[in-house]
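Peer 1: mmCIF, C-alpha atoms (C1' of nucleotides), file final-v9.cif:
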```cif
data_final
#
loop_
_atom_site.label_atom_id
_atom_site.label_comp_id
_atom_site.auth_asym_id
_atom_site.auth_seq_id
_atom_site.Cartn_x
_atom_site.Cartn_y
_atom_site.Cartn_z
CA MET R 1 146.82 76.33 74.36
CA ILE R 2 150.31 76.61 75.78
CA GLU R 3 151.62 75.47 72.42
CA ASP R 4 149.67 78.30 70.91
CA LEU R 5 151.40 80.79 73.10
CA LYS R 6 154.78 79.45 72.11
CA LEU R 7 153.78 79.50 68.47
CA PHE R 8 152.90 83.13 68.65
CA SER R 9 155.95 84.07 70.59
CA ARG R 10 157.94 82.67 67.73
CA LEU R 11 155.85 84.48 65.18
CA ALA R 12 156.23 87.67 67.11
CA GLY R 13 159.96 87.29 67.19
CA MET R 14 160.13 86.59 63.49
CA THR R 15 158.45 89.81 62.44
CA ALA R 16 160.06 91.89 65.12
CA PRO R 17 162.77 94.01 63.46
CA THR R 18 160.81 96.54 61.40
CA ASP R 19 157.41 94.88 61.05
CA PRO R 20 157.11 95.44 57.30
CA ALA R 21 154.28 93.08 56.39
CA PRO R 22 150.99 93.09 58.27
CA SER R 23 151.62 90.89 61.26
CA ALA R 24 150.21 87.38 61.28
CA VAL R 25 149.35 87.81 64.93
CA LYS R 26 147.37 90.92 64.17
CA SER R 27 145.41 89.12 61.49
CA ARG R 28 144.55 86.19 63.72
CA LEU R 29 143.83 88.52 66.59
CA LEU R 30 141.34 90.32 64.43
CA ASP R 31 139.56 87.06 63.65
CA LEU R 32 139.50 86.17 67.30
CA MET R 33 138.08 89.55 68.24
CA VAL R 34 135.32 89.19 65.68
CA ALA R 35 134.48 85.73 67.01
CA LEU R 36 134.54 86.74 70.66
CA GLY R 37 132.77 90.00 70.01
CA THR R 38 129.98 88.10 68.31
CA ALA R 39 129.76 85.46 71.02
CA HIS R 40 129.77 88.07 73.73
CA TRP R 41 127.12 90.07 71.93
CA GLN R 42 124.93 87.00 71.63
CA ASP R 43 125.27 86.40 75.36
CA TYR R 44 124.14 89.97 75.91
CA ALA R 45 121.19 89.63 73.55
CA ALA R 46 120.14 86.25 74.97
CA THR R 47 120.25 87.51 78.53
CA ALA R 48 118.24 90.60 77.63
CA ALA R 49 115.75 88.37 75.84
CA GLN R 50 115.12 86.46 79.06
CA HIS R 51 113.67 89.71 80.36
CA GLY R 52 111.67 90.34 77.20
CA LEU R 53 114.06 92.98 75.94
CA THR R 54 115.91 93.24 72.66
CA SER R 55 119.60 94.02 72.83
CA VAL R 56 119.12 97.58 71.72
CA GLN R 57 116.44 98.12 74.33
CA ALA R 58 118.81 96.82 77.00
CA ARG R 59 121.57 99.03 75.69
CA LEU R 60 119.37 102.10 75.80
CA LEU R 61 118.13 101.24 79.26
CA ALA R 62 121.72 100.91 80.45
CA GLN R 63 122.39 104.50 79.36
CA VAL R 64 119.59 105.91 81.48
CA THR R 65 121.31 106.16 84.85
CA ALA R 66 120.24 109.79 84.97
CA PRO R 67 117.60 111.67 82.95
CA VAL R 68 118.73 111.86 79.33
CA PRO R 69 117.13 113.71 76.42
CA MET R 70 116.14 111.62 73.42
CA ARG R 71 118.76 113.31 71.31
CA GLY R 72 121.50 112.28 73.73
CA LEU R 73 120.37 108.66 73.57
CA ALA R 74 120.46 108.76 69.79
CA GLU R 75 124.07 109.91 69.90
CA GLN R 76 125.10 107.34 72.48
CA LEU R 77 123.47 104.56 70.49
CA GLY R 78 124.85 105.89 67.22
CA CYS R 79 121.50 105.90 65.47
CA ASP R 80 118.89 108.30 64.18
CA ALA R 81 116.76 110.21 66.67
CA SER R 82 113.59 108.97 65.02
CA ASN R 83 114.70 105.50 65.92
CA VAL R 84 114.90 106.30 69.61
CA THR R 85 111.25 107.32 69.64
CA GLY R 86 110.10 103.78 68.94
CA ILE R 87 112.55 102.10 71.30
CA VAL R 88 111.56 104.38 74.17
CA ASP R 89 107.89 103.85 73.27
CA ARG R 90 108.26 100.14 73.82
CA LEU R 91 110.29 100.49 77.01
CA GLN R 92 107.73 102.94 78.33
CA ALA R 93 104.89 100.56 77.46
CA ARG R 94 106.56 98.03 79.76
CA GLY R 95 106.96 100.56 82.51
CA LEU R 96 110.75 100.52 82.47
CA VAL R 97 111.24 104.20 81.58
CA VAL R 98 109.20 107.40 81.65
CA ARG R 99 109.33 110.52 79.50
CA GLU R 100 109.50 113.82 81.36
CA SER R 101 109.26 117.21 79.71
CA ASP R 102 112.29 119.37 80.34
CA GLU R 103 111.32 122.56 82.11
CA ARG R 104 114.06 124.74 80.68
CA ASP R 105 113.49 123.73 77.07
CA ARG R 106 110.05 122.46 76.34
CA ARG R 107 111.14 120.86 73.10
CA VAL R 108 113.19 118.37 75.08
CA LYS R 109 111.89 115.19 76.64
CA ASN R 110 114.07 113.51 79.21
CA VAL R 111 113.99 109.77 79.59
CA VAL R 112 114.08 108.51 83.17
CA ALA R 113 114.37 104.90 84.29
CA THR R 114 111.77 103.60 86.71
CA ASP R 115 112.78 101.48 89.68
CA GLU R 116 111.79 98.42 87.72
CA GLY R 117 113.90 99.63 84.80
CA LEU R 118 116.95 100.04 87.00
CA ALA R 119 116.43 96.65 88.60
CA THR R 120 116.03 94.99 85.21
CA ILE R 121 119.22 96.32 83.71
CA GLN R 122 121.17 95.37 86.82
CA ARG R 123 119.80 91.86 86.68
CA ILE R 124 120.76 91.52 83.03
CA ARG R 125 124.29 92.58 83.83
CA ALA R 126 124.52 90.02 86.60
CA GLU R 127 123.05 87.24 84.51
CA MET R 128 125.38 87.32 81.54
CA GLN R 129 126.28 83.72 82.22
CA ALA R 130 128.55 83.02 79.29
CA THR R 131 130.59 86.13 79.85
CA HIS R 132 130.92 85.52 83.57
CA THR R 133 131.90 81.92 82.97
CA ALA R 134 134.45 83.00 80.43
CA LEU R 135 135.97 85.55 82.77
CA ASP R 136 136.12 82.98 85.54
CA ALA R 137 138.57 81.04 83.41
CA LEU R 138 141.14 83.74 84.07
CA THR R 139 143.06 84.34 87.24
CA GLU R 140 142.75 87.72 88.86
CA ASP R 141 146.20 88.70 87.59
CA GLU R 142 145.26 87.73 84.07
CA ARG R 143 142.13 89.81 84.30
CA VAL R 144 144.21 92.76 85.35
CA THR R 145 146.47 92.26 82.36
CA LEU R 146 143.52 91.84 80.02
CA TYR R 147 141.90 94.95 81.38
CA ALA R 148 145.05 96.97 80.83
CA LEU R 149 145.40 95.74 77.25
CA LEU R 150 141.78 96.35 76.36
CA GLU R 151 141.96 99.78 77.94
CA ARG R 152 144.70 100.61 75.48
CA LEU R 153 142.54 99.43 72.61
CA ARG R 154 139.74 101.74 73.56
CA PRO R 155 140.95 105.06 72.10
CA GLY R 156 141.29 103.60 68.62
CA LEU R 157 137.86 102.02 68.69
CA GLU R 158 135.77 104.68 70.28
CA ASN R 159 136.25 107.74 68.11
CA ARG R 160 133.94 106.63 65.37
CA ASP R 161 131.33 109.26 64.63
CA MET J 1 147.20 104.21 82.05
CA ILE J 2 150.17 102.91 83.98
CA GLU J 3 148.47 104.18 87.11
CA ASP J 4 145.50 102.11 86.10
CA LEU J 5 147.59 99.01 85.97
CA LYS J 6 148.98 99.68 89.42
CA LEU J 7 145.52 100.39 90.72
CA PHE J 8 144.29 97.08 89.52
CA SER J 9 147.27 95.20 90.74
CA ARG J 10 146.40 96.49 94.17
CA LEU J 11 142.79 95.57 93.75
CA ALA J 12 143.80 92.14 92.62
CA GLY J 13 145.93 91.68 95.68
CA MET J 14 143.16 92.78 97.97
CA THR J 15 140.70 90.17 96.84
CA ALA J 16 143.27 87.46 96.42
CA PRO J 17 142.92 84.98 99.29
CA THR J 18 139.63 83.21 98.62
CA ASP J 19 137.86 85.65 96.29
CA PRO J 20 134.53 85.60 98.13
CA ALA J 21 132.87 88.68 96.67
CA PRO J 22 132.65 89.22 92.91
CA SER J 23 135.92 90.83 91.93
CA ALA J 24 135.93 94.53 91.18
CA VAL J 25 138.27 93.89 88.28
CA LYS J 26 135.87 91.40 86.82
CA SER J 27 133.02 93.85 87.03
CA ARG J 28 134.96 96.63 85.33
CA LEU J 29 136.34 94.21 82.80
CA LEU J 30 132.80 93.22 81.91
CA ASP J 31 131.87 96.84 81.29
CA LEU J 32 134.94 97.32 79.17
CA MET J 33 134.17 94.23 77.14
CA VAL J 34 130.65 95.44 76.49
CA ALA J 35 131.94 98.84 75.40
CA LEU J 36 134.69 97.47 73.19
CA GLY J 37 132.49 94.74 71.80
CA THR J 38 129.95 97.33 70.77
CA ALA J 39 132.53 99.66 69.26
CA HIS J 40 134.18 96.82 67.40
CA TRP J 41 130.85 95.61 66.14
CA GLN J 42 129.97 99.07 64.88
CA ASP J 43 133.25 99.20 63.01
CA TYR J 44 132.36 95.90 61.41
CA ALA J 45 128.86 97.04 60.48
CA ALA J 46 130.02 100.40 59.15
CA THR J 47 132.71 98.81 57.00
CA ALA J 48 130.26 96.28 55.61
CA ALA J 49 127.81 99.09 54.91
CA GLN J 50 130.38 100.79 52.70
CA HIS J 51 130.01 97.78 50.43
CA GLY J 52 126.23 97.82 50.64
CA LEU J 53 126.07 94.89 53.03
CA THR J 54 124.45 94.56 56.43
CA SER J 55 126.55 93.07 59.18
CA VAL J 56 124.73 89.78 59.04
CA GLN J 57 125.22 89.55 55.30
CA ALA J 58 128.94 90.16 55.77
CA ARG J 59 129.09 87.60 58.53
CA LEU J 60 127.38 85.00 56.41
CA LEU J 61 129.60 85.76 53.45
CA ALA J 62 132.65 85.31 55.65
CA GLN J 63 131.53 81.76 56.46
CA VAL J 64 131.37 80.72 52.83
CA THR J 65 135.01 79.86 52.19
CA ALA J 66 133.86 76.51 50.88
CA PRO J 67 130.40 75.32 49.79
CA VAL J 68 128.11 75.26 52.83
CA PRO J 69 124.54 73.99 53.10
CA MET J 70 121.95 76.49 54.29
CA ARG J 71 121.47 74.53 57.48
CA GLY J 72 125.14 74.83 58.32
CA LEU J 73 125.01 78.57 57.87
CA ALA J 74 122.03 78.80 60.20
CA GLU J 75 123.98 76.99 62.89
CA GLN J 76 127.09 79.08 62.42
CA LEU J 77 125.07 82.28 62.59
CA GLY J 78 123.02 81.02 65.50
CA CYS J 79 119.69 81.79 63.87
CA ASP J 80 116.77 79.98 62.31
CA ALA J 81 117.17 78.32 58.92
CA SER J 82 114.26 80.28 57.51
CA ASN J 83 116.23 83.41 58.20
CA VAL J 84 119.14 82.26 56.10
CA THR J 85 116.89 81.93 53.08
CA GLY J 86 116.32 85.68 52.92
CA ILE J 87 119.91 86.65 53.63
CA VAL J 88 121.21 84.35 50.92
CA ASP J 89 118.48 85.62 48.58
CA ARG J 90 119.81 89.15 48.89
CA LEU J 91 123.46 88.15 48.61
CA GLN J 92 122.60 86.11 45.55
CA ALA J 93 120.73 89.05 44.01
CA ARG J 94 123.97 91.03 44.25
CA GLY J 95 125.96 88.24 42.66
CA LEU J 96 128.08 87.56 45.74
CA VAL J 97 127.00 83.97 46.27
CA VAL J 98 125.31 81.20 44.29
CA ARG J 99 123.10 78.33 45.36
CA GLU J 100 124.08 74.88 44.07
CA SER J 101 122.05 71.75 44.52
CA ASP J 102 123.89 69.03 46.35
CA GLU J 103 124.20 65.93 44.21
CA ARG J 104 124.25 63.42 47.02
CA ASP J 105 121.22 64.83 48.81
CA ARG J 106 118.89 66.77 46.62
CA ARG J 107 117.19 68.42 49.57
CA VAL J 108 120.40 70.29 50.30
CA LYS J 109 121.45 73.51 48.63
CA ASN J 110 125.05 74.53 49.02
CA VAL J 111 125.97 78.16 49.10
CA VAL J 112 129.12 79.06 47.19
CA ALA J 113 130.82 82.45 47.10
CA THR J 114 131.50 84.01 43.71
CA ASP J 115 134.85 85.63 42.99
CA GLU J 116 133.26 88.97 43.67
CA GLY J 117 131.91 87.65 46.94
CA LEU J 118 135.34 86.48 48.04
CA ALA J 119 136.93 89.76 47.03
CA THR J 120 134.28 91.74 48.89
CA ILE J 121 134.67 89.94 52.18
CA GLN J 122 138.44 90.23 51.99
CA ARG J 123 138.18 93.94 51.37
CA ILE J 124 135.86 94.40 54.33
CA ARG J 125 138.31 92.58 56.55
CA ALA J 126 141.15 94.78 55.38
CA GLU J 127 139.16 97.99 55.74
CA MET J 128 138.09 97.68 59.35
CA GLN J 129 139.88 100.91 60.07
CA ALA J 130 138.96 101.42 63.70
CA THR J 131 139.92 97.91 64.66
CA HIS J 132 143.21 98.05 62.78
CA THR J 133 144.03 101.40 64.32
CA ALA J 134 143.22 100.07 67.76
CA LEU J 135 145.42 97.02 67.29
CA ASP J 136 148.26 99.20 66.06
CA ALA J 137 148.35 100.77 69.50
CA LEU J 138 149.77 97.52 70.83
CA THR J 139 153.25 96.16 70.39
CA GLU J 140 153.66 92.77 68.82
CA ASP J 141 154.37 91.21 72.18
CA GLU J 142 151.27 92.73 73.66
CA ARG J 143 149.22 91.39 70.79
CA VAL J 144 150.59 87.94 71.51
CA THR J 145 149.59 88.28 75.15
CA LEU J 146 146.16 89.58 74.25
CA TYR J 147 145.66 86.75 71.80
CA ALA J 148 146.56 84.18 74.42
CA LEU J 149 144.19 85.70 76.97
CA LEU J 150 141.29 85.97 74.54
CA GLU J 151 141.94 82.45 73.39
CA ARG J 152 141.34 81.31 76.95
CA LEU J 153 138.08 83.25 77.06
CA ARG J 154 136.76 81.48 74.03
CA PRO J 155 135.60 78.15 75.50
CA GLY J 156 133.31 79.88 77.99
CA LEU J 157 131.78 82.10 75.38
CA GLU J 158 131.33 79.75 72.50
CA ASN J 159 129.29 76.88 73.84
CA ARG J 160 126.00 78.72 73.74
CA ASP J 161 123.43 76.74 71.79
"C1'" DC T 1 108.91 47.69 48.28
"C1'" DA T 2 106.08 50.89 50.85
"C1'" DT T 3 105.28 54.20 53.99
"C1'" DG T 4 105.78 57.10 58.04
"C1'" DG T 5 108.89 59.96 60.20
"C1'" DA T 6 113.05 62.83 59.79
"C1'" DT T 7 115.46 66.36 57.47
"C1'" DG T 8 116.43 70.55 54.37
"C1'" DC T 9 114.62 74.35 52.47
"C1'" DT T 10 111.02 77.88 51.47
"C1'" DT T 11 107.04 80.83 52.36
"C1'" DA T 12 103.99 83.81 55.03
"C1'" DA T 13 102.84 86.63 58.96
"C1'" DA T 14 104.04 89.61 62.67
"C1'" DG T 15 107.11 92.58 65.30
"C1'" DG T 16 111.38 95.17 66.03
"C1'" DC T 17 115.29 97.89 64.16
"C1'" DA T 18 117.23 101.28 60.96
"C1'" DT T 19 117.27 105.24 57.77
"C1'" DC T 20 115.09 108.92 55.21
"C1'" DA T 21 111.82 112.58 54.37
"C1'" DA T 22 108.44 115.42 56.13
"C1'" DG T 23 105.85 117.72 59.77
"C1'" DT T 24 105.02 120.12 64.45
"C1'" DA T 25 106.69 122.65 68.56
"C1'" DT T 26 109.83 125.49 70.57
"C1'" DT T 27 113.93 128.18 71.00
"C1'" DT T 28 117.31 131.46 69.47
"C1'" DG T 29 119.73 135.07 66.99
"C1'" DG T 30 119.63 138.89 64.07
"C1'" DC B 1 109.42 140.09 65.15
"C1'" DC B 2 110.77 136.54 62.11
"C1'" DA B 3 113.77 133.21 59.95
"C1'" DA B 4 116.74 129.49 60.94
"C1'" DA B 5 118.01 125.99 64.02
"C1'" DT B 6 116.78 122.39 67.23
"C1'" DA B 7 114.04 118.44 69.52
"C1'" DC B 8 110.91 115.23 68.76
"C1'" DT B 9 107.39 112.55 66.14
"C1'" DT B 10 105.28 110.23 62.16
"C1'" DG B 11 105.10 107.48 57.98
"C1'" DA B 12 107.27 104.78 54.34
"C1'" DT B 13 110.47 101.28 53.09
"C1'" DG B 14 113.62 97.56 53.76
"C1'" DC B 15 116.09 94.20 56.50
"C1'" DC B 16 116.39 90.93 60.43
"C1'" DT B 17 114.23 87.56 63.38
"C1'" DT B 18 111.03 84.13 65.03
"C1'" DT B 19 107.09 81.08 64.56
"C1'" DA B 20 104.14 78.11 62.03
"C1'" DA B 21 103.17 75.78 58.01
"C1'" DG B 22 104.20 73.58 53.67
"C1'" DC B 23 106.84 70.88 50.02
"C1'" DA B 24 110.46 67.82 48.51
"C1'" DT B 25 113.56 64.36 49.59
"C1'" DC B 26 115.74 60.87 52.28
"C1'" DC B 27 115.82 56.81 55.23
"C1'" DA B 28 114.51 53.12 58.34
"C1'" DT B 29 111.44 49.82 59.51
"C1'" DG B 30 108.11 46.62 58.50
#
```
Take the structure in this file and express it as structure tokens.

Peer 2:
Amino acid sequence: MIEDLKLFSRLAGMTAPTDPAPSAVKSRLLDLMVALGTAHWQDYAATAAQHGLTSVQARLLAQVTAPVPMRGLAEQLGCDASNVTGIVDRLQARGLVVRESDERDRRVKNVVATDEGLATIQRIRAEMQATHTALDALTEDERVTLYALLERLRPGLENRD
Amino acid sequence: MIEDLKLFSRLAGMTAPTDPAPSAVKSRLLDLMVALGTAHWQDYAATAAQHGLTSVQARLLAQVTAPVPMRGLAEQLGCDASNVTGIVDRLQARGLVVRESDERDRRVKNVVATDEGLATIQRIRAEMQATHTALDALTEDERVTLYALLERLRPGLENRD
DNA sequence: CATGGATGCTTAAAGGCATCAAGTATTTGG
DNA sequence: CCAAATACTTGATGCCTTTAAGCATCCATG
């Protein structure tokens, strides 16, 4: 692991001047991000499954901290509005959310989390064992550094319509 | 952004001594990882979709650098073997992979990527625009640091059966 | 050698996710 | 007032996923 760090320091130095070819670090970093992203996602899905939820149901539920119209959920999830209908149907059938008609615009239905819904999503967050374990492997300072680096990655990743 | 780093350095210092309560950094880092993981995953799926592949199909294809038995693919994808049958069926229908009977054990069928399959997966990797853009926001040194940190996260995340 | 138990793969059924096209309310702007 | 836009739902189709069951092949033990 420490060898790895040295290896990449050398690689970094080698391509430093003008960085003409795509960096070897970048390529390997991409692989690593795919691998970790997948593993992390599976942790999320597995934890949600322990509460009888699919990952997309958990993701939707997490968005409902305040009343949200269906349309808004569709945008946040990056999927078709017709899709949200079914997901909310199933969450509602389990008593985790409720649909409320908007008074100002009667076309709109706002989704509201029930107490049980709020409790469930909080529990899922707390129970993501693999992710917690992984983060425990870092010192607090390292977490700060990681946070800062990931924060800088965010702008490039988020503006996908 | 730099303020953020200072903020978290302070937070880190505050919880330093014995770290009794769950760290605030850890909690925010978890949120960030969920957000970035999702965004990154969507980039992956969208890029694969441009080549008419689902994300799982792309993921499977990426595993087939050498002949792999169906069972091996199921383990690498973390899903049931019966699932792999259908995914390989569809990839095979598009001419991206081929099934070959293993000579030593005739129960086994090895999946082999065609030239077109190899080319496709390479193109998808190269075309993950959002991810590449995001990584370009970092300097080479920062990428090295990020790689080293993520590498340390891996053991905790990967040993999920 | 024979056979019973693994092992590798496939099929079928059932449920959820995703997109598209079409349909119903409701609002809004000319 | 009426046409277009908007919010949501429904239905069709296809893929993913799991479970249970089935077939072929291997292997270990008697």

Peer 1: What would you get as a tab-separated table (two decimals) with C-alpha atoms, in the frame of the given file if chain J were moved onto chain R by least squares over all of its C-alpha atoms in order?

Peer 2:
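Below is the file result-v5.tsv, written as the result:
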```tsv
chain	number	residue	atom	x	y	z
J	1	MET	CA	147.24	76.62	74.86
J	2	ILE	CA	150.72	77.10	76.24
J	3	GLU	CA	152.02	75.85	72.91
J	4	ASP	CA	149.96	78.56	71.31
J	5	LEU	CA	151.65	81.19	73.37
J	6	LYS	CA	155.07	79.89	72.39
J	7	LEU	CA	154.02	79.73	68.78
J	8	PHE	CA	153.04	83.33	68.81
J	9	SER	CA	156.07	84.45	70.67
J	10	ARG	CA	158.07	82.99	67.84
J	11	LEU	CA	155.89	84.63	65.27
J	12	ALA	CA	156.24	87.90	67.07
J	13	GLY	CA	159.99	87.60	67.03
J	14	MET	CA	160.05	86.82	63.35
J	15	THR	CA	158.28	89.97	62.29
J	16	ALA	CA	159.94	92.15	64.86
J	17	PRO	CA	162.55	94.33	63.13
J	18	THR	CA	160.52	96.77	61.05
J	19	ASP	CA	157.16	94.99	60.76
J	20	PRO	CA	156.77	95.49	57.01
J	21	ALA	CA	154.05	92.97	56.24
J	22	PRO	CA	150.80	92.89	58.22
J	23	SER	CA	151.53	90.79	61.27
J	24	ALA	CA	150.18	87.27	61.36
J	25	VAL	CA	149.30	87.75	65.01
J	26	LYS	CA	147.28	90.80	64.17
J	27	SER	CA	145.36	88.95	61.53
J	28	ARG	CA	144.52	86.04	63.82
J	29	LEU	CA	143.76	88.41	66.65
J	30	LEU	CA	141.25	90.16	64.42
J	31	ASP	CA	139.50	86.88	63.69
J	32	LEU	CA	139.43	86.05	67.35
J	33	MET	CA	137.99	89.43	68.22
J	34	VAL	CA	135.25	89.01	65.66
J	35	ALA	CA	134.41	85.56	67.01
J	36	LEU	CA	134.46	86.60	70.65
J	37	GLY	CA	132.66	89.84	69.96
J	38	THR	CA	129.89	87.92	68.28
J	39	ALA	CA	129.65	85.31	71.01
J	40	HIS	CA	129.66	87.96	73.70
J	41	TRP	CA	127.03	89.93	71.88
J	42	GLN	CA	124.82	86.86	71.59
J	43	ASP	CA	125.14	86.30	75.31
J	44	TYR	CA	124.02	89.86	75.85
J	45	ALA	CA	121.08	89.54	73.47
J	46	ALA	CA	119.99	86.18	74.86
J	47	THR	CA	120.09	87.44	78.44
J	48	ALA	CA	118.11	90.53	77.53
J	49	ALA	CA	115.61	88.35	75.70
J	50	GLN	CA	114.94	86.43	78.90
J	51	HIS	CA	113.52	89.68	80.23
J	52	GLY	CA	111.55	90.36	77.06
J	53	LEU	CA	113.97	92.99	75.81
J	54	THR	CA	115.85	93.26	72.54
J	55	SER	CA	119.54	94.00	72.76
J	56	VAL	CA	119.07	97.58	71.69
J	57	GLN	CA	116.39	98.11	74.30
J	58	ALA	CA	118.74	96.74	76.96
J	59	ARG	CA	121.55	98.91	75.70
J	60	LEU	CA	119.42	102.00	75.82
J	61	LEU	CA	118.14	101.15	79.27
J	62	ALA	CA	121.71	100.76	80.47
J	63	GLN	CA	122.44	104.35	79.44
J	64	VAL	CA	119.65	105.79	81.54
J	65	THR	CA	121.36	105.98	84.92
J	66	ALA	CA	120.34	109.62	85.09
J	67	PRO	CA	117.76	111.57	83.06
J	68	VAL	CA	118.92	111.74	79.44
J	69	PRO	CA	117.39	113.65	76.53
J	70	MET	CA	116.38	111.59	73.51
J	71	ARG	CA	119.07	113.25	71.44
J	72	GLY	CA	121.74	112.15	73.87
J	73	LEU	CA	120.55	108.58	73.67
J	74	ALA	CA	120.70	108.68	69.89
J	75	GLU	CA	124.32	109.77	70.05
J	76	GLN	CA	125.27	107.18	72.62
J	77	LEU	CA	123.62	104.43	70.60
J	78	GLY	CA	125.06	105.75	67.36
J	79	CYS	CA	121.72	105.82	65.57
J	80	ASP	CA	119.20	108.33	64.31
J	81	ALA	CA	117.04	110.24	66.78
J	82	SER	CA	113.88	109.05	65.08
J	83	ASN	CA	114.91	105.54	65.96
J	84	VAL	CA	115.09	106.32	69.64
J	85	THR	CA	111.47	107.41	69.64
J	86	GLY	CA	110.26	103.88	68.92
J	87	ILE	CA	112.65	102.16	71.29
J	88	VAL	CA	111.68	104.44	74.15
J	89	ASP	CA	108.01	103.99	73.21
J	90	ARG	CA	108.29	100.25	73.76
J	91	LEU	CA	110.32	100.55	76.95
J	92	GLN	CA	107.79	103.04	78.25
J	93	ALA	CA	104.91	100.70	77.37
J	94	ARG	CA	106.53	98.11	79.65
J	95	GLY	CA	106.93	100.62	82.45
J	96	LEU	CA	110.73	100.53	82.41
J	97	VAL	CA	111.28	104.18	81.57
J	98	VAL	CA	109.30	107.43	81.64
J	99	ARG	CA	109.49	110.54	79.51
J	100	GLU	CA	109.71	113.85	81.38
J	101	SER	CA	109.56	117.25	79.79
J	102	ASP	CA	112.61	119.34	80.45
J	103	GLU	CA	111.70	122.54	82.25
J	104	ARG	CA	114.48	124.67	80.88
J	105	ASP	CA	113.93	123.69	77.26
J	106	ARG	CA	110.47	122.49	76.49
J	107	ARG	CA	111.55	120.90	73.23
J	108	VAL	CA	113.56	118.37	75.20
J	109	LYS	CA	112.16	115.21	76.72
J	110	ASN	CA	114.29	113.47	79.29
J	111	VAL	CA	114.14	109.74	79.63
J	112	VAL	CA	114.20	108.46	83.20
J	113	ALA	CA	114.40	104.83	84.30
J	114	THR	CA	111.75	103.55	86.69
J	115	ASP	CA	112.72	101.39	89.65
J	116	GLU	CA	111.70	98.37	87.65
J	117	GLY	CA	113.83	99.57	84.77
J	118	LEU	CA	116.88	99.92	86.99
J	119	ALA	CA	116.30	96.52	88.55
J	120	THR	CA	115.90	94.90	85.14
J	121	ILE	CA	119.12	96.23	83.69
J	122	GLN	CA	121.03	95.23	86.81
J	123	ARG	CA	119.64	91.73	86.61
J	124	ILE	CA	120.61	91.41	82.96
J	125	ARG	CA	124.14	92.47	83.80
J	126	ALA	CA	124.35	89.89	86.56
J	127	GLU	CA	122.88	87.12	84.44
J	128	MET	CA	125.23	87.23	81.49
J	129	GLN	CA	126.16	83.66	82.20
J	130	ALA	CA	128.45	82.95	79.28
J	131	THR	CA	130.47	86.08	79.82
J	132	HIS	CA	130.79	85.50	83.56
J	133	THR	CA	131.81	81.91	82.99
J	134	ALA	CA	134.38	82.99	80.45
J	135	LEU	CA	135.85	85.58	82.78
J	136	ASP	CA	136.02	83.04	85.58
J	137	ALA	CA	138.52	81.12	83.48
J	138	LEU	CA	141.04	83.86	84.15
J	139	THR	CA	142.91	84.56	87.34
J	140	GLU	CA	142.57	87.95	88.91
J	141	ASP	CA	145.98	88.97	87.66
J	142	GLU	CA	145.12	87.93	84.15
J	143	ARG	CA	141.93	89.95	84.32
J	144	VAL	CA	143.98	92.97	85.33
J	145	THR	CA	146.27	92.43	82.35
J	146	LEU	CA	143.35	91.93	80.00
J	147	TYR	CA	141.68	95.06	81.31
J	148	ALA	CA	144.81	97.10	80.74
J	149	LEU	CA	145.21	95.81	77.19
J	150	LEU	CA	141.58	96.37	76.26
J	151	GLU	CA	141.73	99.80	77.80
J	152	ARG	CA	144.48	100.64	75.33
J	153	LEU	CA	142.35	99.38	72.46
J	154	ARG	CA	139.53	101.69	73.35
J	155	PRO	CA	140.73	105.00	71.87
J	156	GLY	CA	141.09	103.49	68.40
J	157	LEU	CA	137.69	101.91	68.49
J	158	GLU	CA	135.60	104.60	70.05
J	159	ASN	CA	136.11	107.65	67.90
J	160	ARG	CA	133.81	106.51	65.13
J	161	ASP	CA	131.20	109.15	64.40
```

Peer 1: Using all atoms of stretch 2-16 of chain T listed in the file and a margin of 3 Å per side, can you give the axis-aligned box centre and edge lengths in Å to one decimal, as AutoDock Vina command-line options?

Peer 2:
```
--center_x 109.6 --center_y 73.0 --center_z 58.4 --size_x 19.6 --size_y 50.3 --size_z 21.2
```

Peer 1: Would you pick out the contacts of B:DA5 at 12 Å or less, using all atoms listed in the file, so that residues sharing its chain but fewer than 2 positions from it are not included, and give the list as a list in words?

Peer 2: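 Non-adjacent residues within range: DT26, DT27, DT28 and DG29 of chain T; DA3 and DA7 of chain B.
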
Peer 1: Could you write out the selected residues, including C-alpha atoms (C1' of nucleotides), as a PDB file, in the coordinates of the input?

Peer 2:
```pdb
ATOM      1  C1'  DT T  26     109.830 125.490  70.570  1.00  0.00           C
ATOM      2  C1'  DT T  27     113.930 128.180  71.000  1.00  0.00           C
ATOM      3  C1'  DT T  28     117.310 131.460  69.470  1.00  0.00           C
ATOM      4  C1'  DG T  29     119.730 135.070  66.990  1.00  0.00           C
TER       5       DG T  29
ATOM      6  C1'  DA B   3     113.770 133.210  59.950  1.00  0.00           C
ATOM      7  C1'  DA B   7     114.040 118.440  69.520  1.00  0.00           C
TER       8       DA B   7
END
```

Peer 1: Tell me which of T:DA14, T:DC1, T:DC9, T:DA21 sits closest to chain J, counting only C-alpha atoms (C1' of nucleotides).

Peer 2: T:DC9

Peer 1: Which chain R residues are at most 10 Å from chain B (counting all atoms listed in the file), as a list of chain:residue names?

Peer 2: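 On the chain R side, the interface is R:Pro69, R:Met70, R:Arg71, R:Ala81, R:Ser82, R:Val84, R:Thr85, R:Gly86, R:Asp105, R:Arg106, R:Arg107, R:Val108, R:Lys109.
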
Peer 1: Please indicate the distance in Å from atom C1' of T:DA13 to atom CA of J:Arg99, rounded to one decimal place.

Peer 2: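 Rounded to one decimal, the two atoms are 25.8 Å apart.
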
Peer 1: Just how far from atom CA of R:Leu150 is atom CA of J:Leu138, in Å to one decimal?

Peer 2: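 It comes out at 9.8 Å.
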
Peer 1: Spell out the residues picked by the PyMOL selection byres ((chain R) within 8 of (chain J)) here, as a PyMOL selection string.

Peer 2: chain R and resi 1+4-5+8-9+12+16+25-26+29-30+32-34+36-41+43+130-131+133-135+137-138+140-158+160
